[in-house]
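Below: one structure, written as structure tokens.
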Amino acid sequence: MLGAPSRAVLGLLRSGELDLVGRLSMASNASFYATVRGSDPTGEAGPVLAACVYKPIRGERPLDDFPDGTLAFREVAAYEVSEASGWRIVPPTVLRDGPFGLGMVQLWLDPDESVDPVALIRAGAPALRRMALFDALVNNADRKVGHMLPMAGGHVYGVDHGICFAVEPKLRTVLWGWRGQPLAGAELAALRRLRAALDARLGRTLRELLSPAEVRATTARAAELLATGCFPQPDRDRPVIPWPPY
């Protein structure tokens with residue numbers, strides 16, 4: 001289990017001064033590269049500055065199969081599940097006000113450009129196996145290659161979780177390499193922790209971000225994964241790979 005982000009990082013994202021630097025033009029929804037500035041809580045280092053991504057709700061493109069104005073909440077919900085799992089798949093993410101209103105703010109991470117995510121997929125990297133299980137739990141409808149951030153040291157973060165947590169099955173991913181395989185003991189233990197957390201603090205947190213039906217569906221997916229003890233199989237009746245896959 002990887003260490004949790006410091007309270008200072010989350011505090012900076014929540015309450016620091018947010019300044020827009022530029023728009024991320026490749027994003028389908030309004031997304032901005034920004035900086036967030038605050039004060040060192042110890043008083044020793046002076047101002048603290050971090051890069052982040054800001055996605056305002058007012059810039060979300062309407063979708064046919066997700067309620068309008070909910071993508072930022074889903075991004076934060078994915079972070080909360082990621083933290084509860086102990087896998088730290090999603091970078092620190094908060095919901096806060098910004099120059100264009102309420103939106104998602106996520107810590108910007110620079111990946112190791114020397115690492116090819118496609119090569120990691122082909123090699124069956126353990127970090128991607130964890131991500132595949134996480135995606136099955138949150139019902140990620142858009143796990144593309146470009147949504148993976150390999151870091152120095154081997155950890156891989158995942159970003160862009162705005163279309164997760166639908167009630168109906170929507171899992172679309174490039175990470176099908178473990179389909180049908182038995183879950184390992186550590187994976188089952190993490191799922192048991194998550195299942196218990198969904199009945200406690202995590203469940204309360206998700207109910208502030210998602211609909212009651214979506215929280216119940218997440219709990220049901222955790223229970224199903226524990227009952228089968230295996231990674232899910234692709235659904236033959238719908239597309240299961242996002243397009244474009246990168």
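Each chain in the structure tokens gets a letter, A, B, ..., in the order shown, and its residues are numbered from 1; ligands are numbered from 1 in order too.
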Using DSSP on the backbone coordinates, identify the residues of region 54-243 of chain A assigned to strand (DSSP E or B); present them as a PyMOL selection string.
chain A and resi 54-56+93-96+103-107+143+148-150+156-158+173+182+230
Within 12 Å of region 232-246 of chain A, counting only C-alpha atoms, which residues qualify if same-chain residues fewer than 3 places away don't, as a VMD selection string?
chain A and resid 116 to 118 132 to 137 139 to 148 163 168 to 183 221 to 222 224 to 229
Next, dump the selected residues to file, keeping only N, CA and C atoms, as a CSV table (one decimal), in the first residue's frame.
chain,number,residue,atom,x,y,z
A,116,ASP,N,6.9,3.9,-22.1
A,116,ASP,CA,5.8,3.8,-23.0
A,116,ASP,C,4.7,3.1,-22.4
A,117,PRO,N,3.5,3.7,-22.2
A,117,PRO,CA,2.4,3.0,-21.5
A,117,PRO,C,2.0,1.7,-22.3
A,118,VAL,N,2.1,1.8,-23.6
A,118,VAL,CA,1.8,0.6,-24.4
A,118,VAL,C,2.7,-0.6,-24.1
A,132,ALA,N,-6.7,-1.8,-13.7
A,132,ALA,CA,-7.7,-2.6,-14.3
A,132,ALA,C,-8.8,-2.9,-13.3
A,133,LEU,N,-8.4,-3.4,-12.1
A,133,LEU,CA,-9.3,-3.7,-11.1
A,133,LEU,C,-10.1,-2.5,-10.5
A,134,PHE,N,-9.4,-1.4,-10.4
A,134,PHE,CA,-10.0,-0.1,-10.0
A,134,PHE,C,-11.0,0.3,-11.0
A,135,ASP,N,-10.7,0.2,-12.3
A,135,ASP,CA,-11.7,0.6,-13.3
A,135,ASP,C,-12.9,-0.3,-13.3
A,136,ALA,N,-12.7,-1.6,-13.0
A,136,ALA,CA,-13.9,-2.4,-12.9
A,136,ALA,C,-14.8,-2.0,-11.8
A,137,LEU,N,-14.2,-1.6,-10.7
A,137,LEU,CA,-15.0,-1.2,-9.5
A,137,LEU,C,-15.8,0.1,-9.8
A,139,ASN,N,-16.4,1.4,-12.7
A,139,ASN,CA,-17.2,1.3,-14.0
A,139,ASN,C,-16.7,2.4,-14.9
A,140,ASN,N,-15.4,2.4,-15.1
A,140,ASN,CA,-14.7,3.5,-15.9
A,140,ASN,C,-15.1,3.2,-17.4
A,141,ALA,N,-15.7,4.2,-18.0
A,141,ALA,CA,-16.2,4.1,-19.4
A,141,ALA,C,-15.1,4.7,-20.4
A,142,ASP,N,-13.9,5.0,-19.9
A,142,ASP,CA,-13.0,5.7,-20.8
A,142,ASP,C,-11.6,5.5,-20.4
A,143,ARG,N,-11.1,4.3,-20.2
A,143,ARG,CA,-9.7,4.1,-19.9
A,143,ARG,C,-8.8,4.0,-21.1
A,144,LYS,N,-8.3,5.1,-21.6
A,144,LYS,CA,-7.4,5.1,-22.7
A,144,LYS,C,-6.0,5.1,-22.3
A,145,VAL,N,-5.1,4.8,-23.3
A,145,VAL,CA,-3.7,4.8,-23.1
A,145,VAL,C,-3.2,6.1,-22.6
A,146,GLY,N,-3.7,7.2,-23.2
A,146,GLY,CA,-3.3,8.5,-22.8
A,146,GLY,C,-3.7,9.0,-21.4
A,147,HIS,N,-4.6,8.2,-20.8
A,147,HIS,CA,-5.0,8.5,-19.4
A,147,HIS,C,-4.2,7.8,-18.4
A,148,MET,N,-3.0,7.3,-18.8
A,148,MET,CA,-2.1,6.6,-17.9
A,148,MET,C,-0.8,7.5,-17.8
A,163,ILE,N,-16.3,10.0,-16.5
A,163,ILE,CA,-17.4,9.2,-16.9
A,163,ILE,C,-17.3,7.8,-16.3
A,168,GLU,N,-25.6,1.4,-15.0
A,168,GLU,CA,-25.5,0.3,-16.0
A,168,GLU,C,-24.1,0.0,-16.4
A,169,PRO,N,-23.7,-1.2,-16.8
A,169,PRO,CA,-22.4,-1.6,-17.1
A,169,PRO,C,-21.9,-0.7,-18.3
A,170,LYS,N,-20.7,-0.1,-18.1
A,170,LYS,CA,-20.1,0.8,-19.2
A,170,LYS,C,-18.6,0.6,-19.3
A,171,LEU,N,-18.1,-0.4,-18.7
A,171,LEU,CA,-16.6,-0.5,-18.6
A,171,LEU,C,-16.0,-0.6,-20.0
A,172,ARG,N,-15.3,0.4,-20.4
A,172,ARG,CA,-14.5,0.5,-21.7
A,172,ARG,C,-13.1,0.8,-21.3
A,173,THR,N,-12.2,-0.1,-21.7
A,173,THR,CA,-10.8,0.1,-21.3
A,173,THR,C,-9.9,-0.6,-22.3
A,174,VAL,N,-8.6,-0.2,-22.3
A,174,VAL,CA,-7.6,-0.9,-23.0
A,174,VAL,C,-6.9,-2.0,-22.1
A,175,LEU,N,-7.3,-2.1,-20.9
A,175,LEU,CA,-6.7,-3.0,-20.0
A,175,LEU,C,-7.5,-4.3,-19.8
A,176,TRP,N,-7.6,-5.1,-20.8
A,176,TRP,CA,-8.3,-6.3,-20.8
A,176,TRP,C,-7.4,-7.5,-20.6
A,177,GLY,N,-6.1,-7.3,-20.4
A,177,GLY,CA,-5.1,-8.4,-20.4
A,177,GLY,C,-5.3,-9.4,-19.3
A,178,TRP,N,-6.1,-8.9,-18.2
A,178,TRP,CA,-6.3,-9.8,-17.1
A,178,TRP,C,-7.7,-10.4,-17.0
A,179,ARG,N,-8.5,-10.2,-18.1
A,179,ARG,CA,-9.9,-10.7,-18.1
A,179,ARG,C,-10.0,-12.1,-17.7
A,180,GLY,N,-10.9,-12.4,-16.8
A,180,GLY,CA,-11.2,-13.7,-16.3
A,180,GLY,C,-10.2,-14.3,-15.4
A,181,GLN,N,-9.1,-13.6,-15.1
A,181,GLN,CA,-8.1,-14.2,-14.2
A,181,GLN,C,-8.5,-14.1,-12.8
A,182,PRO,N,-8.1,-15.0,-11.9
A,182,PRO,CA,-8.4,-15.0,-10.5
A,182,PRO,C,-7.7,-13.8,-9.8
A,183,LEU,N,-8.4,-13.2,-8.9
A,183,LEU,CA,-7.8,-12.1,-8.1
A,183,LEU,C,-6.9,-12.6,-7.1
A,221,ARG,N,-20.9,-3.7,-7.4
A,221,ARG,CA,-19.8,-4.2,-8.1
A,221,ARG,C,-18.7,-4.7,-7.2
A,222,ALA,N,-18.5,-4.1,-6.1
A,222,ALA,CA,-17.5,-4.6,-5.2
A,222,ALA,C,-17.9,-6.0,-4.7
A,224,GLU,N,-19.8,-8.1,-6.2
A,224,GLU,CA,-19.7,-9.1,-7.3
A,224,GLU,C,-18.3,-9.5,-7.6
A,225,LEU,N,-17.3,-8.6,-7.5
A,225,LEU,CA,-15.9,-8.9,-7.7
A,225,LEU,C,-15.5,-9.8,-6.6
A,226,LEU,N,-15.9,-9.6,-5.4
A,226,LEU,CA,-15.5,-10.5,-4.3
A,226,LEU,C,-16.2,-11.9,-4.5
A,227,ALA,N,-17.4,-11.9,-5.0
A,227,ALA,CA,-18.1,-13.2,-5.1
A,227,ALA,C,-17.5,-14.0,-6.2
A,228,THR,N,-17.2,-13.4,-7.4
A,228,THR,CA,-16.6,-14.2,-8.5
A,228,THR,C,-15.1,-14.4,-8.2
A,229,GLY,N,-14.4,-13.5,-7.6
A,229,GLY,CA,-13.0,-13.7,-7.3
A,229,GLY,C,-12.1,-13.6,-8.6
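Minimum atom-to-atom distance to Leu95 (chain A), evaluated using only C-alpha atoms, belongs to A:Leu209 out of A:Leu188, A:Leu209, A:Cys164, A:Leu202.
Among the candidates A:Met26, A:Val48, A:Ala84, A:Leu102, the residue lying nearest to Thr70 (chain A) is A:Leu102 (atoms considered: only C-alpha atoms).
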DSSP helix (DSSP H, G or I) residues within region 55-133 of chain A, as a ChimeraX atom specification:
/A:57-59,71-85,117-123,126-133
Need to verify the contact set: Ala152 (chain A), 10 Å, only C-alpha atoms, exclusion of same-chain residues closer than 6 positions in sequence. Can you return it as a PyMOL selection string?
chain A and resi 110-115
One decimal, in Å: what's the spacing between CA of Arg129 (chain A) and CA of Ala77 (chain A)?
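Going from CA of Arg129 (chain A) over to CA of Ala77 (chain A) covers 20.5 Å.
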Selection near Leu20 (chain A), 9 Å with only C-alpha atoms, sequence-local residues under 6 positions removed, as a PyMOL selection string:
chain A and resi 32-36+54+99
So, with only C-alpha atoms as the atoms that count, which of A:Arg37, A:Val9, A:Val138, A:Val53 lies closest to Arg23 (chain A)?
A:Val53
From CA of Ala220 (chain A) to CA of Ile57 (chain A) the spacing works out at 28.1 Å
Give me the residues of region 21-107 of chain A that have any atom at most 10 Å from an atom of region 204-208 of chain A; for each, the nearest atom pair and the distance in Å, rounded to one decimal. Use only C-alpha atoms, sort by chain and number, and format it as CSV.
residue,atom,partner,partner_atom,distance
A:Phe73,CA,A:Glu208,CA,8.7
A:Arg74,CA,A:Leu206,CA,9.1
A:Val76,CA,A:Leu206,CA,9.0
A:Ala77,CA,A:Leu206,CA,6.0
A:Ala78,CA,A:Leu206,CA,9.2
A:Glu80,CA,A:Leu206,CA,7.8
A:Val81,CA,A:Leu206,CA,8.6
Atom pair CA of Leu71 (chain A) / CA of Leu191 (chain A): separation (Å):
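Separation between CA of Leu71 (chain A) and CA of Leu191 (chain A): 24.4 Å.
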